Structure formats: structure tokens, C-alpha cells
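Enquirer: Here you go, coords_2.cif (mmCIF, C-alpha atoms and all ligand atoms):
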```
data_final
loop_
_atom_site.label_atom_id
_atom_site.label_comp_id
_atom_site.auth_asym_id
_atom_site.auth_seq_id
_atom_site.Cartn_x
_atom_site.Cartn_y
_atom_site.Cartn_z
CA MET A 1 116.91 197.86 89.40
CA SER A 2 118.86 200.42 91.48
CA THR A 3 121.71 202.41 89.87
CA ARG A 4 124.15 200.56 92.13
CA PRO A 5 122.83 197.00 92.30
CA THR A 6 123.86 194.70 95.13
CA ILE A 7 125.43 191.44 93.95
CA LEU A 8 125.95 188.74 96.54
CA VAL A 9 128.70 186.25 95.61
CA PHE A 10 128.73 183.06 97.65
CA ASP A 11 131.19 180.19 98.07
CA SER A 12 132.39 177.81 100.75
CA GLY A 13 135.58 179.87 101.04
CA LEU A 14 137.81 182.15 99.01
CA GLY A 15 137.63 180.18 95.72
CA GLY A 16 134.62 182.15 94.54
CA LEU A 17 136.92 185.17 94.39
CA THR A 18 138.06 183.83 91.00
CA VAL A 19 134.49 184.44 89.83
CA GLN A 20 134.17 187.68 91.82
CA ARG A 21 137.29 189.00 90.02
CA GLU A 22 135.72 188.52 86.58
CA ILE A 23 132.36 189.97 87.63
CA ALA A 24 134.01 193.05 89.16
CA LYS A 25 135.91 193.59 85.90
CA ALA A 26 132.81 193.14 83.75
CA ARG A 27 130.44 195.10 85.99
CA PRO A 28 132.00 198.00 87.86
CA GLY A 29 129.58 200.25 89.72
CA ALA A 30 127.92 197.52 91.78
CA ARG A 31 127.93 196.86 95.51
CA TYR A 32 129.57 193.48 96.12
CA VAL A 33 128.87 191.35 99.17
CA TYR A 34 131.13 188.29 99.11
CA VAL A 35 130.22 185.59 101.60
CA ALA A 36 132.63 182.75 102.41
CA ASP A 37 130.91 179.95 104.29
CA ASP A 38 134.16 178.98 105.97
CA ALA A 39 132.31 177.64 109.01
CA PHE A 40 131.21 174.74 106.75
CA PHE A 41 134.34 174.49 104.52
CA PRO A 42 135.13 172.33 102.59
CA TYR A 43 131.83 171.65 100.85
CA GLY A 44 133.39 168.78 98.90
CA GLN A 45 133.42 166.67 102.05
CA HIS A 46 129.68 167.04 102.82
CA SER A 47 126.79 164.88 101.64
CA GLU A 48 124.20 166.28 99.24
CA GLN A 49 121.58 166.40 102.01
CA ALA A 50 123.95 168.17 104.38
CA LEU A 51 124.71 170.84 101.74
CA ILE A 52 121.06 171.45 100.95
CA GLY A 53 120.31 171.65 104.69
CA ARG A 54 123.12 174.14 105.18
CA VAL A 55 122.93 176.42 102.15
CA VAL A 56 119.17 176.89 101.65
CA PRO A 57 118.39 178.39 105.09
CA LEU A 58 121.72 180.28 105.22
CA MET A 59 120.87 181.91 101.88
CA GLY A 60 117.52 183.01 103.33
CA GLU A 61 119.37 184.81 106.14
CA LEU A 62 121.82 186.41 103.70
CA ILE A 63 119.04 187.62 101.41
CA ALA A 64 117.18 189.13 104.38
CA ALA A 65 120.36 190.82 105.66
CA HIS A 66 121.78 192.18 102.37
CA ARG A 67 118.77 192.48 100.00
CA PRO A 68 120.77 191.48 96.90
CA ASP A 69 119.47 192.16 93.38
CA LEU A 70 121.27 189.01 92.21
CA VAL A 71 123.07 186.09 93.87
CA VAL A 72 126.00 184.24 92.28
CA ILE A 73 126.67 180.78 93.67
CA ALA A 74 130.40 180.81 92.88
CA CYS A 75 130.83 177.17 93.82
CA ASN A 76 130.42 174.07 91.65
CA THR A 77 129.97 171.76 94.63
CA ALA A 78 126.98 173.78 95.83
CA SER A 79 125.55 174.76 92.43
CA THR A 80 125.34 171.21 91.11
CA ILE A 81 123.06 170.19 94.00
CA VAL A 82 121.57 173.26 95.72
CA LEU A 83 120.73 175.65 92.87
CA SER A 84 117.32 174.16 92.04
CA HIS A 85 116.35 174.28 95.74
CA LEU A 86 117.42 177.92 96.02
CA ARG A 87 115.42 178.90 92.94
CA ALA A 88 112.37 177.14 94.36
CA ALA A 89 112.72 178.88 97.74
CA TYR A 90 113.60 182.49 96.82
CA THR A 91 112.54 184.97 94.13
CA VAL A 92 115.92 186.73 93.71
CA PRO A 93 117.69 185.62 90.50
CA PHE A 94 120.54 183.11 90.97
CA VAL A 95 123.49 182.52 88.67
CA GLY A 96 125.29 179.24 89.29
CA THR A 97 128.71 177.80 88.47
CA VAL A 98 128.72 174.35 86.89
CA PRO A 99 131.52 172.35 85.23
CA ALA A 100 132.38 173.88 81.83
CA ILE A 101 132.13 170.54 80.03
CA LYS A 102 130.43 171.91 76.91
CA PRO A 103 133.16 174.39 75.83
CA ALA A 104 135.91 172.00 76.95
CA CYS A 105 134.63 169.13 74.81
CA ALA A 106 133.88 171.44 71.89
CA GLY A 107 137.46 172.74 71.94
CA SER A 108 139.38 169.50 72.52
CA ILE A 109 141.42 168.36 69.52
CA THR A 110 142.48 164.99 70.94
CA LYS A 111 138.93 164.35 72.27
CA ARG A 112 140.44 163.58 75.69
CA VAL A 113 139.10 165.88 78.40
CA SER A 114 139.52 165.70 82.18
CA VAL A 115 137.16 167.29 84.69
CA LEU A 116 138.96 168.27 87.89
CA GLY A 117 136.54 169.02 90.73
CA THR A 118 135.77 168.17 94.32
CA SER A 119 134.80 164.57 95.01
CA GLY A 120 131.23 165.86 95.50
CA THR A 121 131.05 167.60 92.11
CA VAL A 122 132.41 164.71 90.06
CA LYS A 123 129.92 162.29 91.68
CA ARG A 124 126.86 164.40 90.90
CA GLU A 125 124.17 163.31 88.47
CA TYR A 126 124.27 166.91 87.18
CA THR A 127 127.86 166.40 86.01
CA GLN A 128 127.01 163.06 84.38
CA THR A 129 124.16 164.72 82.52
CA LEU A 130 126.47 167.45 81.20
CA ILE A 131 128.84 164.78 79.88
CA ARG A 132 125.99 162.84 78.22
CA GLU A 133 124.58 166.00 76.60
CA PHE A 134 127.75 167.87 75.67
CA GLY A 135 130.53 165.26 75.63
CA GLY A 136 130.54 165.39 71.83
CA GLY A 137 132.37 162.06 71.42
CA CYS A 138 135.13 162.95 73.90
CA ILE A 139 136.51 160.51 76.42
CA VAL A 140 135.94 162.35 79.68
CA THR A 141 137.97 161.47 82.78
CA LEU A 142 136.44 162.59 86.08
CA VAL A 143 139.01 163.46 88.75
CA GLY A 144 137.70 164.07 92.26
CA SER A 145 140.32 165.94 94.25
CA ALA A 146 140.21 165.58 98.02
CA ASN A 147 142.68 168.33 98.88
CA LEU A 148 143.19 170.86 96.10
CA ALA A 149 140.48 173.29 97.30
CA SER A 150 141.98 173.26 100.79
CA LEU A 151 145.46 173.87 99.38
CA ALA A 152 144.18 176.86 97.38
CA GLU A 153 142.27 178.21 100.38
CA ALA A 154 145.36 177.89 102.57
CA ALA A 155 147.58 179.58 99.97
CA LEU A 156 145.36 182.66 99.74
CA SER A 157 144.59 182.81 103.47
CA SER A 158 148.19 182.50 104.58
CA GLY A 159 150.01 184.12 101.65
CA ARG A 160 152.33 181.06 101.57
CA ASP A 161 153.12 178.79 98.63
CA MET A 162 151.89 175.21 98.95
CA ALA A 163 154.29 172.30 98.31
CA ASP A 164 154.57 171.38 94.62
CA ALA A 165 154.34 167.66 95.42
CA ASP A 166 151.01 168.14 97.22
CA ILE A 167 149.54 170.02 94.25
CA PHE A 168 150.98 167.59 91.70
CA ASN A 169 149.44 164.57 93.48
CA GLU A 170 145.99 166.15 93.11
CA ILE A 171 146.27 166.93 89.39
CA ALA A 172 148.29 163.94 88.14
CA PRO A 173 145.22 161.72 87.40
CA CYS A 174 143.99 164.35 84.91
CA PHE A 175 146.84 163.53 82.54
CA VAL A 176 145.89 160.44 80.59
CA GLN A 177 147.69 158.93 77.60
CA ASP A 178 146.33 155.90 75.78
CA ALA A 179 148.22 153.09 74.05
CA ALA A 180 148.00 154.88 70.69
CA GLY A 181 149.56 158.00 72.21
CA ALA A 182 146.42 160.19 72.34
CA ARG A 183 146.50 162.29 75.46
CA THR A 184 144.46 164.78 77.44
CA ASP A 185 144.59 168.27 75.95
CA THR A 186 141.90 170.00 78.04
CA VAL A 187 141.21 170.13 81.79
CA VAL A 188 138.01 171.66 83.17
CA LEU A 189 138.59 173.57 86.39
CA ALA A 190 135.34 172.43 88.00
CA CYS A 191 135.99 174.08 91.34
CA THR A 192 136.28 177.83 91.73
CA HIS A 193 139.25 177.45 94.07
CA TYR A 194 141.51 175.95 91.41
CA PRO A 195 142.17 179.05 89.27
CA LEU A 196 143.79 180.53 92.39
CA LEU A 197 146.60 178.01 91.71
CA LEU A 198 146.67 178.40 87.92
CA ASP A 199 150.37 179.35 87.80
CA GLU A 200 151.28 176.23 89.80
CA LEU A 201 148.95 174.01 87.76
CA THR A 202 150.49 175.23 84.53
CA ARG A 203 154.04 174.82 85.80
CA LEU A 204 153.49 171.34 87.26
CA ALA A 205 151.48 169.88 84.36
CA PRO A 206 153.30 166.91 82.74
CA TRP A 207 152.41 168.44 79.35
CA PRO A 208 150.63 171.64 78.28
CA VAL A 209 146.83 171.58 78.33
CA ALA A 210 144.05 174.15 78.05
CA TRP A 211 142.68 174.87 81.55
CA ILE A 212 139.00 175.82 81.24
CA ASP A 213 137.76 178.37 83.78
CA PRO A 214 134.08 179.34 83.42
CA ALA A 215 134.42 182.63 85.36
CA PRO A 216 134.40 185.01 82.33
CA ALA A 217 131.22 183.34 81.01
CA ILE A 218 129.57 183.67 84.43
CA ALA A 219 130.49 187.36 84.51
CA ARG A 220 128.87 187.89 81.11
CA ARG A 221 125.69 186.22 82.36
CA VAL A 222 125.64 188.52 85.39
CA VAL A 223 125.92 191.61 83.17
CA ASP A 224 123.12 190.30 80.93
CA LEU A 225 120.84 189.98 83.95
CA ILE A 226 121.84 193.06 85.95
CA GLY A 227 122.52 195.51 83.13
CA ALA A 228 125.58 197.60 82.33
CA GLN A 229 127.30 200.08 84.63
CA GLN A 230 125.50 203.41 85.13
CA PRO A 231 127.61 206.45 84.17
CA GLY A 232 129.51 207.89 87.12
CA VAL A 233 128.64 205.10 89.59
CA MET A 234 131.76 203.45 91.03
CA HIS A 235 131.83 200.43 93.33
CA ASN A 236 133.66 201.40 96.49
CA ASP A 237 131.76 199.57 99.18
CA SER A 238 132.66 195.92 98.60
CA VAL A 239 132.61 193.73 101.66
CA LEU A 240 133.84 190.19 102.37
CA LEU A 241 132.17 188.28 105.19
CA TYR A 242 133.08 184.93 106.71
CA THR A 243 130.29 182.88 108.29
CA SER A 244 132.74 181.99 111.08
CA GLY A 245 132.91 185.70 111.88
CA LYS A 246 136.69 185.83 111.41
CA ARG A 247 138.50 188.76 109.79
CA HIS A 248 140.97 188.33 106.92
CA ALA A 249 144.52 189.00 108.08
CA TRP A 250 145.54 190.90 104.91
CA PRO A 251 142.46 192.49 103.31
CA GLU A 252 144.72 194.41 100.92
CA THR A 253 145.61 191.10 99.18
CA LEU A 254 141.90 190.70 98.37
CA ALA A 255 141.42 194.14 96.80
CA PRO A 256 142.35 193.03 93.23
CA PHE A 257 139.46 190.55 93.27
CA PHE A 258 137.04 193.44 93.80
CA GLY A 259 138.62 195.91 91.39
CA GLY A 260 139.35 198.19 94.34
CA ARG A 261 139.13 198.32 98.10
CA VAL A 262 137.25 195.77 100.19
CA ALA A 263 136.28 195.68 103.83
CA ALA A 264 137.16 192.20 105.12
N1 LIG A 301 134.87 176.34 95.54
C1 LIG A 301 134.08 175.18 95.63
C2 LIG A 301 133.68 174.65 94.25
O1 LIG A 301 133.67 175.38 93.28
C3 LIG A 301 134.33 174.05 96.55
C4 LIG A 301 135.43 173.90 97.50
C5 LIG A 301 135.00 173.09 98.71
O2 LIG A 301 134.44 173.74 99.60
O3 LIG A 301 135.17 171.86 98.73
O4 LIG A 301 133.37 173.50 94.10
#
```
Since I need it in another form, could you write the structure as C-alpha cells?
Ligand code: DGL
Expert:
Amino acid sequence: MSTRPTILVFDSGLGGLTVQREIAKARPGARYVYVADDAFFPYGQHSEQALIGRVVPLMGELIAAHRPDLVVIACNTASTIVLSHLRAAYTVPFVGTVPAIKPACAGSITKRVSVLGTSGTVKREYTQTLIREFGGGCIVTLVGSANLASLAEAALSSGRDMADADIFNEIAPCFVQDAAGARTDTVVLACTHYPLLLDELTRLAPWPVAWIDPAPAIARRVVDLIGAQQPGVMHNDSVLLYTSGKRHAWPETLAPFFGGRVAA
């Protein structure tokens, strides 16, 4: 492993920055290459076959171009279907992002948990298996959101706030109360875009819940695999690339996600 390892972080758009932010905090002194596959965004609207056909060859090109020591698939929609194909095709280690159902169900007091993800993620067999294995007696409500990832992407790309009503419509089905009064106390953020809107989600929630974001756990896994920061090595060459080839209008707004400057 080099003293300044290259970590490639991949998502359909800017949502994976919520994972990038935690990794940069946990592992300074790395070279970060963040790739947003905006030319194919949103992933939630594509079939499983289309995603496999898109991401597997694209990852081959990215590995050849950037020679990463580790790749983080910072996207639930891709990880829950493409990860096994990537591991079969390439030798570089991959860390995925999958719905944090295990900690959510373990921590729920009311035993009512909602999983908020893209329509693709909530349909996946992978997600069903997590619920069967780690549901721990909880009643789990799956909520496939058609628009929340696009709202988060638009908010960060444009710097504008999205309409409260549009956000509320996407999250409302997560809040379930049964006849006996038991209600949802935990919502899994099963799409990396959603923590970008955490302030809005918290403010618009009909009642307080725990929002479960797996990013800190993913960052710990990355450090386990890549090793700790080498003394004196700082990360100052982070880069953000869009597959469409576009440039971000305000790269300075992205700097906090990289723990410093980023070329975008
Ligand atoms: N950020 C992605 C995820 O974690 C998906 C957003 C999309 O492209 O639909 O699922």
C-alpha cells in the first residue's frame, strides 16, 4: 500500500458525498477520486440489468484510469445489485453501501422501522434478505421514493432550497402509527443522497425519529482495509469527476466533503 493511497468513491451523483465526507474525516492523507455517474442519473429509475450493464464496464475504465487502492460504491441502488458482479470482475477491494437495517432494528424501541430508499433499492432481494436476517421482530415498512434523490441532487447542484411540500410527500409514508398507538421511531436512510437533506427531513418529520445513516460505519471499514494515515501525509489532491464531463459551478461548496480543497 502506498503512503498516500488512492480511494475512488463512486455514486450516481452527489449523494455519495455524504459517505465521502465521513471517509475524509476518518482517513486524511489519501488521494480521493470522486466519480458521479450523472450521465446515467438517477440509478433508481433503471432496471437491474441496465445497472449491471452500465456500472461493471464503467468501473473497469475508472480502475484503469485512476489505479485506486480501494473503491467505495457510495450508492445503495448500485451496491445492492452490482457489488457481487464488480467483485467477480476486478481484484481491487470494494466497500459497498447497503441499507442499515441491522442497527436500525436493533435500536428501535417501538419495533417499527421504515426503510427509505430508491424504488430500486426497496425492491431488491438483497434488502428483503437483510430484513429476514436482521429484522429482529420489527415491523419494517419499505418506502420507495421516486423523487427524493433528485431533490437532494438539485439542492446541492444549484445551492437552492427545495420546496418543503415536495420533500414531505416523499417521506410521509415512513411515518406509520397503528391502532394501538405504536409508531415508527427509526428511519433508515437507504440512499446516500438523503443525508444531504437531513435538516429538512428532521424539520418536516411529523414526529421525531432516529435517522440511520451508515456513512460513519462505511468510513470505519475503509480505514480497516486501507490502514491509518501516515505521519505528515496530507490529502490535497482530491478530484470530483462527472461522467457527463460537466464542471461543478461552485466547487468551493464541495470542499467540506473532502476535508479541504477539491478540483471539480
Ligand atoms: N445515491 C444513490 C443511492 O444511494 C441513488 C440515487 C439514484 O441515483 O437514484 O441509492
Enquirer: Quick one: residues within 10 Å of segment 244-257 of chain A, all atoms listed in the file, excluding same-chain residues fewer than 5 positions away - as JSON, numbers by chain?
Expert: {"A": [14, 16, 17, 18, 19, 20, 21, 22, 23, 24, 25, 36, 37, 38, 39, 40, 156, 157, 158, 159, 238, 262, 263, 264]}
Enquirer: Based on the selection just made, write C-alpha atoms of those residues as an mmCIF file, in the coordinates of the input.
Expert:
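Written out: part_32.cif:
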```cif
data_model
loop_
_atom_site.group_PDB
_atom_site.id
_atom_site.type_symbol
_atom_site.label_atom_id
_atom_site.label_comp_id
_atom_site.auth_asym_id
_atom_site.auth_seq_id
_atom_site.Cartn_x
_atom_site.Cartn_y
_atom_site.Cartn_z
ATOM 1 C CA LEU A 14 137.810 182.150 99.010
ATOM 2 C CA GLY A 16 134.620 182.150 94.540
ATOM 3 C CA LEU A 17 136.920 185.170 94.390
ATOM 4 C CA THR A 18 138.060 183.830 91.000
ATOM 5 C CA VAL A 19 134.490 184.440 89.830
ATOM 6 C CA GLN A 20 134.170 187.680 91.820
ATOM 7 C CA ARG A 21 137.290 189.000 90.020
ATOM 8 C CA GLU A 22 135.720 188.520 86.580
ATOM 9 C CA ILE A 23 132.360 189.970 87.630
ATOM 10 C CA ALA A 24 134.010 193.050 89.160
ATOM 11 C CA LYS A 25 135.910 193.590 85.900
ATOM 12 C CA ALA A 36 132.630 182.750 102.410
ATOM 13 C CA ASP A 37 130.910 179.950 104.290
ATOM 14 C CA ASP A 38 134.160 178.980 105.970
ATOM 15 C CA ALA A 39 132.310 177.640 109.010
ATOM 16 C CA PHE A 40 131.210 174.740 106.750
ATOM 17 C CA LEU A 156 145.360 182.660 99.740
ATOM 18 C CA SER A 157 144.590 182.810 103.470
ATOM 19 C CA SER A 158 148.190 182.500 104.580
ATOM 20 C CA GLY A 159 150.010 184.120 101.650
ATOM 21 C CA SER A 238 132.660 195.920 98.600
ATOM 22 C CA VAL A 262 137.250 195.770 100.190
ATOM 23 C CA ALA A 263 136.280 195.680 103.830
ATOM 24 C CA ALA A 264 137.160 192.200 105.120
#
```
Enquirer: Show me the residues around (136.2, 172.0, 88.2) - criterion: an atom at most 6 Å away, all atoms listed in the file counted - as a PyMOL selection string.
Expert: chain A and resi 99+115-117+188-191
Enquirer: May I have the residues within 8 Å of ligand LIG 301 (chain A), computed using all atoms listed in the file, as an NGL selection string?
Expert: :A and (11-16 or 40-45 or 74-78 or 97 or 117-118 or 120-121 or 149-150 or 190-194)
Enquirer: Find the residues near Phe94 of chain A: any atom within 10 Å, counting only C-alpha atoms, skip ones fewer than 2 places away on the same chain, and give them as a list of chain:residue names.
Expert: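 That gives A:Leu8, A:Val9, A:Asp69, A:Leu70, A:Val71, A:Val72, A:Ile73, A:Ser79, A:Leu83, A:Ser84, A:Leu86, A:Arg87, A:Tyr90, A:Thr91, A:Val92, A:Gly96, A:Val222, A:Leu225.
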Enquirer: Quick one: of A:Ser119, A:Leu241, A:Pro208, A:Gly136, who's nearest to Tyr34 of chain A, counting all atoms listed in the file?
Expert: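 Ranking A:Ser119, A:Leu241, A:Pro208, A:Gly136 by distance to Tyr34 of chain A, first place goes to A:Leu241.
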Enquirer: What does the distance between atom CA of Glu61 of chain A and atom CA of Val33 of chain A come to in Å, to one decimal place?
Expert: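 Distance between the two atoms: 13.5 Å.
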Enquirer: Atom CA of Pro68 of chain A and atom CA of Thr3 of chain A, how far apart in Å?
Expert: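 Value for the atom CA of Thr3 of chain A-atom CA of Pro68 of chain A distance: 13.0 Å.
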Enquirer: Compare A:Ala146, A:Ala217, A:Ile226, A:Val95 by their minimum atom-to-atom distance to Pro5 of chain A, counting only C-alpha atoms, and give me the closest one.
Expert: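 Using only C-alpha atoms, the shortest distance to Pro5 of chain A belongs to A:Ile226.
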